[in-house]
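Please read the structure below before turning to the comments.
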Amino acid sequence: MLMPANQPPPAPPPVSGGPAKPLDPYGFLAQQPAKKKGGIGPNLPSGNSVGQRVLVVLGIIVFLVVAVLIFLSILSSAGKESTAALLDVVKKQTELIRVADLGTQKASQDSTQNLAFTVKYSLESDQPDLISAIKGAGTKVTEGILNSGHQASTDATLDQAEQDNNYDAVFIRLLNTQLRDYQAALKKAYGIAKSQKLKASINSDYGHINIIIGEPAK
(Lines give C-alpha, C1' and ligand atoms only; values in the text may rest on other atoms or scores of the structure.)
Protein backbone atom coordinates (compact mmCIF):
# COMPACT_ATOMS: atom_id res chain seq x y z
CA MET A 1 0.00 0.00 0.00
CA LEU A 2 1.49 3.33 -0.97
CA MET A 3 1.77 5.99 1.68
CA PRO A 4 1.13 9.60 0.93
CA ALA A 5 4.26 11.51 0.09
CA ASN A 6 3.69 14.04 2.90
CA GLN A 7 3.35 11.44 5.79
CA PRO A 8 6.47 11.11 8.10
CA PRO A 9 8.13 7.65 8.62
CA PRO A 10 7.11 5.61 11.69
CA ALA A 11 9.23 6.01 14.94
CA PRO A 12 11.58 3.09 15.93
CA PRO A 13 10.41 0.75 18.72
CA PRO A 14 11.43 1.81 22.24
CA VAL A 15 14.50 0.04 23.89
CA SER A 16 13.64 -1.57 27.21
CA GLY A 17 15.93 -1.44 30.37
CA GLY A 18 17.15 2.12 30.13
CA PRO A 19 20.38 3.35 28.63
CA ALA A 20 23.24 0.74 28.13
CA LYS A 21 26.22 0.86 30.56
CA PRO A 22 29.74 0.76 29.22
CA LEU A 23 31.53 -2.68 29.61
CA ASP A 24 34.19 -2.80 32.40
CA PRO A 25 37.14 -4.94 31.17
CA TYR A 26 38.54 -5.40 34.76
CA GLY A 27 35.33 -6.39 36.43
CA PHE A 28 36.41 -10.05 36.78
CA LEU A 29 39.01 -9.03 39.40
CA ALA A 30 36.32 -8.00 41.81
CA GLN A 31 34.68 -11.42 41.41
CA GLN A 32 37.74 -13.48 42.57
CA PRO A 33 37.22 -15.34 45.89
CA ALA A 34 39.08 -13.91 48.89
CA LYS A 35 42.24 -15.81 49.89
CA LYS A 36 42.47 -17.38 53.32
CA LYS A 37 45.16 -16.16 55.64
CA GLY A 38 47.23 -18.53 57.65
CA GLY A 39 48.21 -22.18 57.08
CA ILE A 40 46.30 -25.31 56.24
CA GLY A 41 44.25 -25.45 59.41
CA PRO A 42 42.68 -22.62 61.31
CA ASN A 43 45.13 -22.96 64.30
CA LEU A 44 48.36 -23.88 62.55
CA PRO A 45 51.03 -21.32 61.64
CA SER A 46 51.94 -20.93 58.02
CA GLY A 47 55.15 -22.37 56.60
CA ASN A 48 56.82 -18.99 56.71
CA SER A 49 55.76 -18.14 60.27
CA VAL A 50 58.33 -17.33 62.96
CA GLY A 51 56.93 -20.03 65.24
CA GLN A 52 57.45 -22.78 62.68
CA ARG A 53 61.00 -21.68 61.94
CA VAL A 54 61.84 -21.69 65.65
CA LEU A 55 60.49 -25.23 65.99
CA VAL A 56 62.59 -26.42 63.07
CA VAL A 57 65.76 -24.86 64.52
CA LEU A 58 65.06 -26.35 67.95
CA GLY A 59 64.54 -29.77 66.37
CA ILE A 60 67.89 -29.56 64.60
CA ILE A 61 69.64 -28.50 67.82
CA VAL A 62 68.09 -31.39 69.77
CA PHE A 63 69.13 -33.85 67.07
CA LEU A 64 72.73 -32.60 67.10
CA VAL A 65 72.95 -32.74 70.89
CA VAL A 66 71.66 -36.33 70.96
CA ALA A 67 74.09 -37.34 68.21
CA VAL A 68 77.04 -35.82 70.10
CA LEU A 69 76.02 -37.56 73.34
CA ILE A 70 75.79 -40.92 71.58
CA PHE A 71 79.20 -40.39 69.99
CA LEU A 72 80.79 -39.47 73.33
CA SER A 73 79.16 -42.48 74.97
CA ILE A 74 80.66 -44.79 72.35
CA LEU A 75 84.10 -43.27 72.85
CA SER A 76 83.78 -43.56 76.61
CA SER A 77 82.70 -47.22 76.41
CA ALA A 78 85.60 -48.05 74.13
CA GLY A 79 88.02 -46.36 76.51
CA LYS A 80 86.65 -48.25 79.52
CA GLU A 81 86.87 -51.57 77.70
CA SER A 82 90.46 -50.87 76.68
CA THR A 83 91.46 -49.91 80.23
CA ALA A 84 89.76 -52.96 81.73
CA ALA A 85 91.51 -55.32 79.31
CA LEU A 86 94.94 -53.86 80.07
CA LEU A 87 94.40 -53.97 83.82
CA ASP A 88 93.15 -57.54 83.56
CA VAL A 89 96.50 -58.51 82.07
CA VAL A 90 98.61 -57.07 84.90
CA LYS A 91 96.23 -58.46 87.55
CA LYS A 92 96.52 -61.96 86.11
CA GLN A 93 100.27 -61.49 85.76
CA THR A 94 100.64 -60.49 89.43
CA GLU A 95 98.51 -63.41 90.60
CA LEU A 96 100.58 -65.85 88.52
CA ILE A 97 103.78 -64.53 90.10
CA ARG A 98 102.29 -65.03 93.57
CA VAL A 99 101.06 -68.56 92.87
CA ALA A 100 104.35 -69.54 91.21
CA ASP A 101 106.18 -68.30 94.28
CA LEU A 102 104.06 -70.65 96.41
CA GLY A 103 105.17 -73.50 94.19
CA THR A 104 108.85 -72.66 94.64
CA GLN A 105 108.35 -72.99 98.40
CA LYS A 106 106.05 -75.98 98.73
CA ALA A 107 106.44 -78.19 95.66
CA SER A 108 108.34 -81.39 96.32
CA GLN A 109 109.25 -82.49 92.81
CA ASP A 110 112.10 -80.87 90.88
CA SER A 111 110.03 -80.58 87.69
CA THR A 112 107.29 -78.73 89.56
CA GLN A 113 109.75 -76.37 91.22
CA ASN A 114 111.49 -75.70 87.89
CA LEU A 115 108.18 -74.76 86.31
CA ALA A 116 107.32 -72.53 89.26
CA PHE A 117 110.72 -70.76 89.10
CA THR A 118 110.44 -70.29 85.33
CA VAL A 119 106.98 -68.73 85.56
CA LYS A 120 107.87 -66.52 88.50
CA TYR A 121 111.06 -65.03 87.14
CA SER A 122 109.84 -64.77 83.56
CA LEU A 123 106.77 -62.77 84.57
CA GLU A 124 108.67 -60.72 87.13
CA SER A 125 111.08 -59.62 84.43
CA ASP A 126 108.24 -58.84 82.01
CA GLN A 127 106.06 -56.87 84.39
CA PRO A 128 108.00 -53.56 84.75
CA ASP A 129 108.07 -52.94 80.99
CA LEU A 130 104.41 -53.87 80.62
CA ILE A 131 103.31 -51.60 83.45
CA SER A 132 105.41 -48.77 82.04
CA ALA A 133 103.83 -49.23 78.60
CA ILE A 134 100.33 -49.32 80.07
CA LYS A 135 100.95 -46.15 82.06
CA GLY A 136 102.39 -44.52 78.95
CA ALA A 137 99.14 -45.31 77.15
CA GLY A 138 97.21 -43.32 79.77
CA THR A 139 96.00 -46.08 82.12
CA LYS A 140 96.70 -45.74 85.83
CA VAL A 141 98.24 -48.80 87.52
CA THR A 142 98.47 -48.97 91.33
CA GLU A 143 99.50 -51.63 93.84
CA GLY A 144 95.87 -52.02 94.77
CA ILE A 145 94.95 -52.80 91.17
CA LEU A 146 97.83 -55.26 90.80
CA ASN A 147 96.84 -57.17 93.94
CA SER A 148 93.11 -57.14 93.19
CA GLY A 149 93.47 -60.31 91.13
CA HIS A 150 94.23 -62.34 94.24
CA GLN A 151 92.13 -65.52 94.29
CA ALA A 152 91.51 -66.87 97.78
CA SER A 153 90.05 -70.05 96.29
CA THR A 154 93.46 -70.88 94.84
CA ASP A 155 95.04 -70.74 98.29
CA ALA A 156 92.29 -72.93 99.74
CA THR A 157 92.71 -75.52 96.98
CA LEU A 158 96.50 -75.66 97.43
CA ASP A 159 96.20 -75.89 101.21
CA GLN A 160 93.83 -78.83 100.83
CA ALA A 161 96.17 -80.47 98.29
CA GLU A 162 99.07 -80.11 100.74
CA GLN A 163 97.07 -81.90 103.43
CA ASP A 164 96.21 -84.65 100.93
CA ASN A 165 99.88 -85.04 99.90
CA ASN A 166 98.91 -84.16 96.33
CA TYR A 167 100.35 -80.67 96.16
CA ASP A 168 102.44 -80.94 93.00
CA ALA A 169 99.70 -82.34 90.76
CA VAL A 170 97.12 -79.79 91.94
CA PHE A 171 99.64 -76.96 91.71
CA ILE A 172 100.56 -77.79 88.10
CA ARG A 173 96.89 -78.02 87.12
CA LEU A 174 96.05 -74.66 88.68
CA LEU A 175 99.15 -73.00 87.27
CA ASN A 176 98.44 -74.23 83.74
CA THR A 177 94.86 -72.94 83.97
CA GLN A 178 96.08 -69.52 85.04
CA LEU A 179 98.74 -69.50 82.32
CA ARG A 180 96.05 -70.13 79.68
CA ASP A 181 93.87 -67.35 81.09
CA TYR A 182 96.84 -64.98 81.11
CA GLN A 183 97.68 -65.92 77.52
CA ALA A 184 94.10 -65.15 76.41
CA ALA A 185 94.18 -61.83 78.29
CA LEU A 186 97.42 -60.85 76.53
CA LYS A 187 95.92 -61.68 73.14
CA LYS A 188 92.83 -59.56 73.84
CA ALA A 189 94.90 -56.65 75.13
CA TYR A 190 97.12 -56.75 72.04
CA GLY A 191 94.05 -56.47 69.81
CA ILE A 192 92.91 -53.20 71.42
CA ALA A 193 96.33 -51.64 72.13
CA LYS A 194 97.02 -48.42 70.21
CA SER A 195 100.63 -47.43 70.92
CA GLN A 196 103.48 -49.35 69.31
CA LYS A 197 105.35 -49.52 72.63
CA LEU A 198 102.39 -51.21 74.31
CA LYS A 199 101.89 -53.62 71.42
CA ALA A 200 105.57 -54.56 71.48
CA SER A 201 105.52 -55.20 75.24
CA ILE A 202 102.39 -57.34 75.07
CA ASN A 203 103.72 -59.27 72.10
CA SER A 204 106.97 -60.00 73.94
CA ASP A 205 105.12 -61.31 77.01
CA TYR A 206 102.87 -63.38 74.78
CA GLY A 207 105.89 -65.05 73.20
CA HIS A 208 107.36 -65.89 76.63
CA ILE A 209 104.10 -67.51 77.76
CA ASN A 210 103.95 -69.58 74.58
CA ILE A 211 107.42 -70.92 75.35
CA ILE A 212 106.46 -71.79 78.93
CA ILE A 213 103.27 -73.53 77.84
CA GLY A 214 105.14 -75.27 75.05
CA GLU A 215 103.41 -73.67 72.07
CA PRO A 216 105.11 -72.11 69.03
CA ALA A 217 105.00 -68.33 68.77
CA LYS A 218 101.86 -67.02 66.97
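All residue names refer to the C-alpha coordinates as shown: chains lettered A, B, ... in order, residues numbered from 1 in each chain, ligands numbered from 1 in order.
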May I have the residues within 12 Å of Gly214 of chain A as a ChimeraX atom specification, using only C-alpha atoms and disregarding those fewer than 5 positions away in the same chain? /A:115,176,179-180,207-209
For the residues selected in the previous step, produce a file with all heavy atoms as an mmCIF file, in the first residue's frame.
```cif
data_model
loop_
_atom_site.group_PDB
_atom_site.id
_atom_site.type_symbol
_atom_site.label_atom_id
_atom_site.label_comp_id
_atom_site.auth_asym_id
_atom_site.auth_seq_id
_atom_site.Cartn_x
_atom_site.Cartn_y
_atom_site.Cartn_z
ATOM 1 N N LEU A 115 109.258 -75.484 86.980
ATOM 2 C CA LEU A 115 108.177 -74.760 86.308
ATOM 3 C C LEU A 115 107.800 -73.514 87.101
ATOM 4 O O LEU A 115 107.613 -72.436 86.523
ATOM 5 C CB LEU A 115 106.957 -75.673 86.157
ATOM 6 C CG LEU A 115 105.698 -75.021 85.573
ATOM 7 C CD1 LEU A 115 105.963 -74.501 84.160
ATOM 8 C CD2 LEU A 115 104.532 -76.012 85.573
ATOM 9 N N ASN A 176 98.709 -74.158 85.185
ATOM 10 C CA ASN A 176 98.444 -74.229 83.740
ATOM 11 C C ASN A 176 97.137 -73.520 83.372
ATOM 12 O O ASN A 176 97.050 -72.863 82.323
ATOM 13 C CB ASN A 176 98.394 -75.695 83.285
ATOM 14 C CG ASN A 176 99.768 -76.306 83.153
ATOM 15 O OD1 ASN A 176 100.743 -75.605 82.865
ATOM 16 N ND2 ASN A 176 99.880 -77.620 83.358
ATOM 17 N N LEU A 179 97.896 -69.870 83.455
ATOM 18 C CA LEU A 179 98.737 -69.497 82.320
ATOM 19 C C LEU A 179 97.893 -69.331 81.048
ATOM 20 O O LEU A 179 98.116 -68.406 80.255
ATOM 21 C CB LEU A 179 99.827 -70.543 82.092
ATOM 22 C CG LEU A 179 100.995 -70.531 83.084
ATOM 23 C CD1 LEU A 179 101.873 -71.767 82.896
ATOM 24 C CD2 LEU A 179 101.831 -69.265 82.923
ATOM 25 N N ARG A 180 96.938 -70.221 80.850
ATOM 26 C CA ARG A 180 96.050 -70.132 79.677
ATOM 27 C C ARG A 180 95.187 -68.868 79.747
ATOM 28 O O ARG A 180 94.981 -68.192 78.733
ATOM 29 C CB ARG A 180 95.157 -71.369 79.604
ATOM 30 C CG ARG A 180 95.885 -72.675 79.350
ATOM 31 C CD ARG A 180 96.361 -72.775 77.926
ATOM 32 N NE ARG A 180 97.006 -74.066 77.678
ATOM 33 C CZ ARG A 180 97.530 -74.428 76.506
ATOM 34 N NH1 ARG A 180 97.483 -73.587 75.486
ATOM 35 N NH2 ARG A 180 98.104 -75.607 76.364
ATOM 36 N N GLY A 207 104.905 -64.071 73.679
ATOM 37 C CA GLY A 207 105.888 -65.051 73.205
ATOM 38 C C GLY A 207 106.499 -65.842 74.343
ATOM 39 O O GLY A 207 106.724 -67.063 74.226
ATOM 40 N N HIS A 208 106.780 -65.193 75.475
ATOM 41 C CA HIS A 208 107.360 -65.890 76.627
ATOM 42 C C HIS A 208 106.392 -66.926 77.194
ATOM 43 O O HIS A 208 106.796 -68.033 77.565
ATOM 44 C CB HIS A 208 107.725 -64.873 77.715
ATOM 45 C CG HIS A 208 108.804 -63.916 77.300
ATOM 46 N ND1 HIS A 208 109.039 -62.721 77.943
ATOM 47 C CD2 HIS A 208 109.719 -63.983 76.287
ATOM 48 C CE1 HIS A 208 110.041 -62.098 77.369
ATOM 49 N NE2 HIS A 208 110.460 -62.828 76.342
ATOM 50 N N ILE A 209 105.104 -66.563 77.244
ATOM 51 C CA ILE A 209 104.104 -67.507 77.758
ATOM 52 C C ILE A 209 103.965 -68.703 76.824
ATOM 53 O O ILE A 209 103.805 -69.850 77.272
ATOM 54 C CB ILE A 209 102.748 -66.799 77.952
ATOM 55 C CG1 ILE A 209 102.814 -65.866 79.156
ATOM 56 C CG2 ILE A 209 101.624 -67.797 78.142
ATOM 57 C CD1 ILE A 209 103.116 -66.566 80.467
#
```
Near-segment 145-147 of chain A list (8 Å; only C-alpha atoms; drop same-chain fewer than 5 positions) as number ranges by chain: A: 87, 90-91, 94-95
Length of the atom CA of Ser122 of chain A to atom CA of Asp168 of chain A vector [Å]: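 Here the two named atoms are 20.1 Å from each other.
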Nearest-residue call for Gln109 of chain A, choices A:Ala85, A:Leu64, A:Ile134, A:Ala169, using only C-alpha atoms: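 Among the listed residues, the smallest separation from Gln109 of chain A belongs to A:Ala169.
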Restricting the calculation to only C-alpha atoms, which member of A:Val99, A:Ala137, A:Ala152, A:Ala184 is positioned closest to Asp205 of chain A?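 Looking at the shortest contact to Asp205 of chain A, the residue is A:Ala184.
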Nearest to Lys120 of chain A, restricted to only C-alpha atoms and choosing among A:Ile61, A:Ala100, A:Leu174, A:Ala189, comes out as A:Ala100
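For the atom pair formed by atom CA of Val141 of chain A and atom CA of Asp129 of chain A, the distance is 12.5 Å, given to one decimal.
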